[in-house]
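Chemist: Can you keep this structure in mind? I'll have questions shortly.
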Amino acid sequence: MPQASKPNFEAAKKILTAYLENKGLRKTPERFAILEEIYTREDHFDVDELYISMKNKRYRVSRATVYNTLDVLVDCDLVTKHQFGKNLAQFEKSYGNKQHDHLICTDCHKVMEFCDPRIQSIQNMVGEMLNFSVLHHSLIFYGNCTKENCQNRNEIGQEVSVAHERD
């Protein structure tokens, strides 16, 4: 099992502990187990993926606990919630993550990350030009991957060719 980056996870635990104490919320082992599971991941995930991963590792957590804990983690900026055009929300750890942007394949729905320092320069320039203090930004490119082995695109292509054969 991959381990959470020790310094980032320990710092995230301290932030979560302080947040829970400040809000008068309980510091349950389930919340910290969910936090650790998230901080061992290197990918974007949805609620069901996280829930199944927790269940497969024999954690006793309900789907409601996962939802509620994700809300808390988003609220205290330890997790970022994305809505990438589908109805399904996706999440990723945010503490210790470098600023990055996303590419989304509209065929296979794969989420890819990229980082280009020019985007930060543009953000800074726009903020200065418009006398605006930019706190953060979100940039998402939607398109089609050009991978020959795009499994989802191949399945879509097969469905289209079968439909044409019926006509």
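In the structure tokens, chains take the letters A, B, ... in the order shown, each chain's residues start at 1, and ligands count up from 1 in the order shown.
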Could you give me the residues within chain A that DSSP places in strand (DSSP E), as a ChimeraX atom specification?
Modeler: /A:79-83,89-93,101-105,111-114,140-143
Chemist: To test your reading of the structure, identify every residue in chain A that backbone DSSP assigns to alpha helix (DSSP H), and report it as a PyMOL selection string.
Modeler: chain A and resi 6-23+29-40+47-56+63-75+117-129+151-166
Chemist: Produce a file of the selected residues containing C-alpha atoms, as a PDB file, in the first residue's frame.
Modeler:
ATOM      1  CA  LYS A   6       4.784  11.862   5.825  1.00  0.00           C
ATOM      2  CA  PRO A   7       5.404  15.641   6.143  1.00  0.00           C
ATOM      3  CA  ASN A   8       2.297  16.571   4.132  1.00  0.00           C
ATOM      4  CA  PHE A   9       0.087  14.062   5.911  1.00  0.00           C
ATOM      5  CA  GLU A  10       1.326  15.110   9.376  1.00  0.00           C
ATOM      6  CA  ALA A  11       0.744  18.779   8.535  1.00  0.00           C
ATOM      7  CA  ALA A  12      -2.709  17.948   7.129  1.00  0.00           C
ATOM      8  CA  LYS A  13      -3.550  16.044  10.336  1.00  0.00           C
ATOM      9  CA  LYS A  14      -2.625  19.109  12.414  1.00  0.00           C
ATOM     10  CA  ILE A  15      -4.738  21.364  10.206  1.00  0.00           C
ATOM     11  CA  LEU A  16      -7.695  18.983  10.446  1.00  0.00           C
ATOM     12  CA  THR A  17      -7.315  18.672  14.234  1.00  0.00           C
ATOM     13  CA  ALA A  18      -7.260  22.468  14.660  1.00  0.00           C
ATOM     14  CA  TYR A  19     -10.228  22.862  12.312  1.00  0.00           C
ATOM     15  CA  LEU A  20     -12.309  20.252  14.156  1.00  0.00           C
ATOM     16  CA  GLU A  21     -11.481  21.788  17.547  1.00  0.00           C
ATOM     17  CA  ASN A  22     -12.286  25.290  16.282  1.00  0.00           C
ATOM     18  CA  LYS A  23     -15.655  24.152  14.887  1.00  0.00           C
ATOM     19  CA  PRO A  29     -10.635   7.862  13.857  1.00  0.00           C
ATOM     20  CA  GLU A  30     -12.712   7.511  10.672  1.00  0.00           C
ATOM     21  CA  ARG A  31     -12.061  11.133   9.680  1.00  0.00           C
ATOM     22  CA  PHE A  32      -8.316  10.692  10.096  1.00  0.00           C
ATOM     23  CA  ALA A  33      -8.371   7.335   8.256  1.00  0.00           C
ATOM     24  CA  ILE A  34     -10.156   8.984   5.320  1.00  0.00           C
ATOM     25  CA  LEU A  35      -7.631  11.831   5.365  1.00  0.00           C
ATOM     26  CA  GLU A  36      -4.763   9.334   5.300  1.00  0.00           C
ATOM     27  CA  GLU A  37      -6.348   7.362   2.456  1.00  0.00           C
ATOM     28  CA  ILE A  38      -6.699  10.553   0.417  1.00  0.00           C
ATOM     29  CA  TYR A  39      -3.114  11.589   1.102  1.00  0.00           C
ATOM     30  CA  THR A  40      -1.805   8.203  -0.123  1.00  0.00           C
ATOM     31  CA  VAL A  47     -16.828   9.509  -3.514  1.00  0.00           C
ATOM     32  CA  ASP A  48     -17.541   5.937  -4.573  1.00  0.00           C
ATOM     33  CA  GLU A  49     -13.902   5.241  -5.472  1.00  0.00           C
ATOM     34  CA  LEU A  50     -12.809   6.492  -2.055  1.00  0.00           C
ATOM     35  CA  TYR A  51     -15.558   4.550  -0.267  1.00  0.00           C
ATOM     36  CA  ILE A  52     -14.710   1.302  -2.106  1.00  0.00           C
ATOM     37  CA  SER A  53     -11.009   1.796  -1.439  1.00  0.00           C
ATOM     38  CA  MET A  54     -11.722   2.247   2.279  1.00  0.00           C
ATOM     39  CA  LYS A  55     -13.973  -0.840   2.338  1.00  0.00           C
ATOM     40  CA  ASN A  56     -11.381  -2.938   0.499  1.00  0.00           C
ATOM     41  CA  ARG A  63     -20.812   6.183   2.583  1.00  0.00           C
ATOM     42  CA  ALA A  64     -22.371   9.029   4.608  1.00  0.00           C
ATOM     43  CA  THR A  65     -19.191   9.327   6.700  1.00  0.00           C
ATOM     44  CA  VAL A  66     -17.125   9.586   3.521  1.00  0.00           C
ATOM     45  CA  TYR A  67     -19.432  12.310   2.132  1.00  0.00           C
ATOM     46  CA  ASN A  68     -19.461  14.243   5.408  1.00  0.00           C
ATOM     47  CA  THR A  69     -15.712  13.964   5.897  1.00  0.00           C
ATOM     48  CA  LEU A  70     -15.059  15.145   2.345  1.00  0.00           C
ATOM     49  CA  ASP A  71     -17.234  18.206   3.050  1.00  0.00           C
ATOM     50  CA  VAL A  72     -15.131  18.949   6.148  1.00  0.00           C
ATOM     51  CA  LEU A  73     -11.845  18.416   4.269  1.00  0.00           C
ATOM     52  CA  VAL A  74     -12.955  20.691   1.424  1.00  0.00           C
ATOM     53  CA  ASP A  75     -14.076  23.308   3.954  1.00  0.00           C
ATOM     54  CA  PRO A 117       4.673  28.824 -15.181  1.00  0.00           C
ATOM     55  CA  ARG A 118       3.355  31.160 -17.883  1.00  0.00           C
ATOM     56  CA  ILE A 119      -0.144  30.731 -16.475  1.00  0.00           C
ATOM     57  CA  GLN A 120       1.025  32.046 -13.093  1.00  0.00           C
ATOM     58  CA  SER A 121       2.663  34.980 -14.897  1.00  0.00           C
ATOM     59  CA  ILE A 122      -0.602  35.746 -16.685  1.00  0.00           C
ATOM     60  CA  GLN A 123      -2.491  35.551 -13.390  1.00  0.00           C
ATOM     61  CA  ASN A 124      -0.045  37.988 -11.783  1.00  0.00           C
ATOM     62  CA  MET A 125      -0.146  40.377 -14.755  1.00  0.00           C
ATOM     63  CA  VAL A 126      -3.957  40.402 -14.920  1.00  0.00           C
ATOM     64  CA  GLY A 127      -4.151  41.032 -11.182  1.00  0.00           C
ATOM     65  CA  GLU A 128      -1.753  43.973 -11.448  1.00  0.00           C
ATOM     66  CA  MET A 129      -3.446  45.429 -14.557  1.00  0.00           C
ATOM     67  CA  GLN A 151     -10.229   2.172 -24.202  1.00  0.00           C
ATOM     68  CA  ASN A 152     -13.319   4.342 -23.828  1.00  0.00           C
ATOM     69  CA  ARG A 153     -12.968   5.856 -27.302  1.00  0.00           C
ATOM     70  CA  ASN A 154     -12.546   2.368 -28.791  1.00  0.00           C
ATOM     71  CA  GLU A 155     -15.704   1.182 -27.019  1.00  0.00           C
ATOM     72  CA  ILE A 156     -17.569   4.249 -28.286  1.00  0.00           C
ATOM     73  CA  GLY A 157     -16.227   3.619 -31.798  1.00  0.00           C
ATOM     74  CA  GLN A 158     -17.356  -0.016 -31.673  1.00  0.00           C
ATOM     75  CA  GLU A 159     -20.865   1.033 -30.592  1.00  0.00           C
ATOM     76  CA  VAL A 160     -21.053   3.478 -33.508  1.00  0.00           C
ATOM     77  CA  SER A 161     -19.888   0.875 -36.049  1.00  0.00           C
ATOM     78  CA  VAL A 162     -22.378  -1.693 -34.713  1.00  0.00           C
ATOM     79  CA  ALA A 163     -25.160   0.889 -35.002  1.00  0.00           C
ATOM     80  CA  HIS A 164     -24.133   1.599 -38.630  1.00  0.00           C
ATOM     81  CA  GLU A 165     -24.161  -2.132 -39.421  1.00  0.00           C
ATOM     82  CA  ARG A 166     -27.798  -2.333 -38.230  1.00  0.00           C
TER      83      ARG A 166
END
Chemist: Just the residues within 7 Å of Asn144 in chain A, please, counting only C-alpha atoms, with nothing from its chain fewer than 5 positions along; format it as a list in words.
Modeler: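 These residues fall inside the cut-off: Cys105, Thr106 and Asp107 of chain A.
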Chemist: Just to confirm, what's the straight-line distance from CA of His102 in chain A to CA of Ser133 in chain A in Å (one decimal)?
Modeler: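 About the pair CA of His102 in chain A and CA of Ser133 in chain A: they are 22.7 Å apart.
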